[in-house]
Structure formats: C-alpha cells, structure tokens
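Only one structure is covered here, and it is reproduced in the block below.
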Amino acid sequence: MTQTPQSEPTDYKPVSFSQTVLTELMIPAYSNFGGKIHGGLLLSLMDKVAYVCAAKHAGNYCVTASIDTVNFLEPVEVGELVSLMASINYVGNTSLVVGIRVISENVKTNTIKHTNTCYFTMVAKDEKNVTVQVPGLILENHDQVRRFIEAKSRKEIRRSYNKELEQVSIPEKDEQCMALLAGERCKLA
C-alpha cells in the first residue's frame with residue numbers, strides 16, 4: 001500500500017525534512033585559467049542546493065535574497081567529487097537561512113577537504129510572486145539549536161552593520177578626503 005504525501009502544509013517542519021545533498025563530479029570544463037574549479041561554478045551549485053532545501057521546507061518557490069560571506073578555504077581540483085550539504089538553519093516570517101557546507105573528495109586517495117561554508121537567505125513566494133509565510137522550524141538536536149542562534153545573531157549583526165554603514169559620510173573638502181586617504185594605496189588623478 002502506498003501512502004500519499006500530506007496535502008496540507010504543517011505549521012512546523014523538522015530540519016531533517018528538507019536537508020539536501022547535491023553531489024557533482026568536477027570536470028575539466030569547470031576549471032579556470034589556473035586549473036582549479038571556478039568559484040562562480042561553486043556559487044551556482046550552492047544557489048541550486050539552497051533553492052531545493054528552502055523550497056522543500058517552504059512548500060513554495062523561493063528566491064535568493066542575500067548570501068553571507070563566502071570564503072574559499074581550499075581549492076577544488078578537476079576530478080574531485082564535490083558535495084554540498086544544505087539545511088535550514090533559521091526561519092523568519094517569509095525568509096529562511098540555508099546553511100551550506102561544501103566538501104570535495106579526491107576519489108583516488110579518499111582525501112576529503114572542507115572547501116566552503118556559507119549561508120543563503122531565501123524568501124518564499126507564491127504563484128503571484130507575493131511573499132508567503134514559511135513553516136516554523138523544529139530543532140531536533142543541540143547543533144540545530146546552535147545554528148539557529150548563530151543565524152539569528154548574524155542577522156542582528158548584519159542589521160547593525162548596515163546602520164553603521166549608512167552613517168559613513170564622504171567629506172566635502174579635498175583636504176579632509178586626503179587625510180582619510182593618507183597611507184592607503186591610492187592616489188587622486
């Protein structure tokens with residue numbers, strides 16, 4: 001006897017419900033001029049896995065709203081198997097934060113490297129492109145609680161950073177600009 005999927009969305013879903021892994025073999029066509037895998041290709045794969053994870057949790061189409069800092073910790077080589085592991089770390093009203101851990105594996109030596117960790121903020125939309133509420137999140141273990149709290153803190157830090165950046169002003173007088181540029185690796189034409 002086959003079971004049909006639940007037709008009505010629930011108010012809360014566990015993190016495990018939408019966890020997603022995307023794995024792809026890195027081929028020569030993906031490499032840059034230095035012989036390593038293009039960072040842009042890795043970003044594209046991260047965007048795909050973030051979408052799948054977010055859409056699965058939301059039960060709706062999701063768009064990328066922002067990406068937290070992406071640091072490339074290790075290069076990815078042609079011939080390596082790259083796995084992107086995504087899970088929902090935080091939910092707001094209409095947004096979700098998807099945490100992504102990227103690893104690469106040399107299939108000949110079985111050497112595994114952690115190459116990236118990043119966080120995508122996704123927003124859920126309906127068929128009319130209107131934002132919709134996402135289900136809450138059921139945190140199933142201590143790591144998921146930690147990730148939720150960290151994501152909430154990153155959100156607060158980003159809000160504070162944006163407020164500070166709005167306060168930055170460029171002086172009107174050339175002398176004041178010159179003082180701010182003193183010691184920097186630039187010069188005025």
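By order in the structure tokens, chains are A, B, ...; within a chain, residues start at 1; ligands start at 1, following the order shown.
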Spatial neighbours of region 129-144 of chain A, 8 Å, only C-alpha atoms, chain gap at least 5 places, as a PyMOL selection string: chain A and resi 9-15+57-59+89-96+123-124
Could you give me, as a VMD selection string, the residues within 8 Å of region 43-55 of chain A, counting only C-alpha atoms and dropping anything in the same chain fewer than 2 positions from it? chain A and resid 18 to 22 39 to 41 57 to 64 84 to 88 96 98 to 100 120 122 124
Among region 22-138 of chain A, which residues does DSSP mark as alpha helix (DSSP H) when it is run on the backbone? Keep the chain and numbering as in the structure and answer as an MDAnalysis selection string. chainID A and resid 39:58
Taking into account only C-alpha atoms, which residue in the set A:Val168, A:Ala29, A:Leu73, A:Ile67 is nearest to Cys118 (chain A)?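 Among the listed residues, A:Ile67 lies closest to Cys118 (chain A).
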Using only C-alpha atoms, which protein or nucleic acid residues come within 12 Å of Thr115 (chain A)? Drop anything in the same chain fewer than 4 positions from it, and give the result as a PyMOL selection string. chain A and resi 37+39+42-43+70-77+80-85+100-105
CA of Arg159 (chain A) and CA of Lys125 (chain A), how far apart in Å?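 Computing the Euclidean distance for CA of Lys125 (chain A) and CA of Arg159 (chain A) yields 22.9 Å.
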As number ranges by chain, please: every residue in region 8-160 of chain A that a backbone DSSP assignment puts in strand (DSSP E or B). A: 12-14, 20-25, 31, 36-37, 61-67, 77, 80-91, 95-106, 111-125, 131, 136-138
Using only C-alpha atoms, determine which residues lie at most 8 Å from Ile27 (chain A), disregarding the query and same-chain residues fewer than 2 positions distant; provide the list as a PyMOL selection string. chain A and resi 25+29-31+78-79
Write the selection just made, keeping all heavy atoms, as an mmCIF file, in the first residue's frame?
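Below is the file out36.cif, written as the result:
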```
data_model
loop_
_atom_site.group_PDB
_atom_site.id
_atom_site.type_symbol
_atom_site.label_atom_id
_atom_site.label_comp_id
_atom_site.auth_asym_id
_atom_site.auth_seq_id
_atom_site.Cartn_x
_atom_site.Cartn_y
_atom_site.Cartn_z
ATOM 1 N N LEU A 25 30.579 15.628 -9.958
ATOM 2 C CA LEU A 25 31.971 15.410 -10.334
ATOM 3 C C LEU A 25 32.483 16.645 -11.057
ATOM 4 O O LEU A 25 31.816 17.178 -11.941
ATOM 5 C CB LEU A 25 32.074 14.184 -11.261
ATOM 6 C CG LEU A 25 33.466 13.858 -11.785
ATOM 7 C CD1 LEU A 25 34.389 13.432 -10.632
ATOM 8 C CD2 LEU A 25 33.378 12.756 -12.841
ATOM 9 N N ALA A 29 35.918 21.121 -17.985
ATOM 10 C CA ALA A 29 35.193 22.300 -18.479
ATOM 11 C C ALA A 29 34.848 23.268 -17.350
ATOM 12 O O ALA A 29 34.552 24.433 -17.603
ATOM 13 C CB ALA A 29 33.912 21.870 -19.195
ATOM 14 N N TYR A 30 34.899 22.825 -16.095
ATOM 15 C CA TYR A 30 34.574 23.674 -14.950
ATOM 16 C C TYR A 30 35.772 24.448 -14.421
ATOM 17 O O TYR A 30 35.645 25.221 -13.492
ATOM 18 C CB TYR A 30 34.028 22.833 -13.791
ATOM 19 C CG TYR A 30 32.725 22.107 -14.050
ATOM 20 C CD1 TYR A 30 32.301 21.126 -13.174
ATOM 21 C CD2 TYR A 30 31.912 22.396 -15.142
ATOM 22 C CE1 TYR A 30 31.113 20.445 -13.371
ATOM 23 C CE2 TYR A 30 30.725 21.717 -15.356
ATOM 24 C CZ TYR A 30 30.334 20.751 -14.459
ATOM 25 O OH TYR A 30 29.151 20.075 -14.650
ATOM 26 N N SER A 31 36.950 24.232 -15.019
ATOM 27 C CA SER A 31 38.159 24.833 -14.444
ATOM 28 C C SER A 31 38.408 26.244 -14.968
ATOM 29 O O SER A 31 37.968 26.622 -16.048
ATOM 30 C CB SER A 31 39.376 23.952 -14.713
ATOM 31 O OG SER A 31 39.649 23.882 -16.096
ATOM 32 N N VAL A 78 39.998 19.517 -10.565
ATOM 33 C CA VAL A 78 39.325 18.714 -11.582
ATOM 34 C C VAL A 78 39.435 17.246 -11.155
ATOM 35 O O VAL A 78 40.477 16.804 -10.674
ATOM 36 C CB VAL A 78 39.978 18.932 -12.969
ATOM 37 C CG1 VAL A 78 39.451 17.922 -13.982
ATOM 38 C CG2 VAL A 78 39.753 20.358 -13.450
ATOM 39 N N GLY A 79 38.357 16.506 -11.306
ATOM 40 C CA GLY A 79 38.338 15.091 -10.943
ATOM 41 C C GLY A 79 37.834 14.834 -9.531
ATOM 42 O O GLY A 79 37.573 13.680 -9.176
#
```
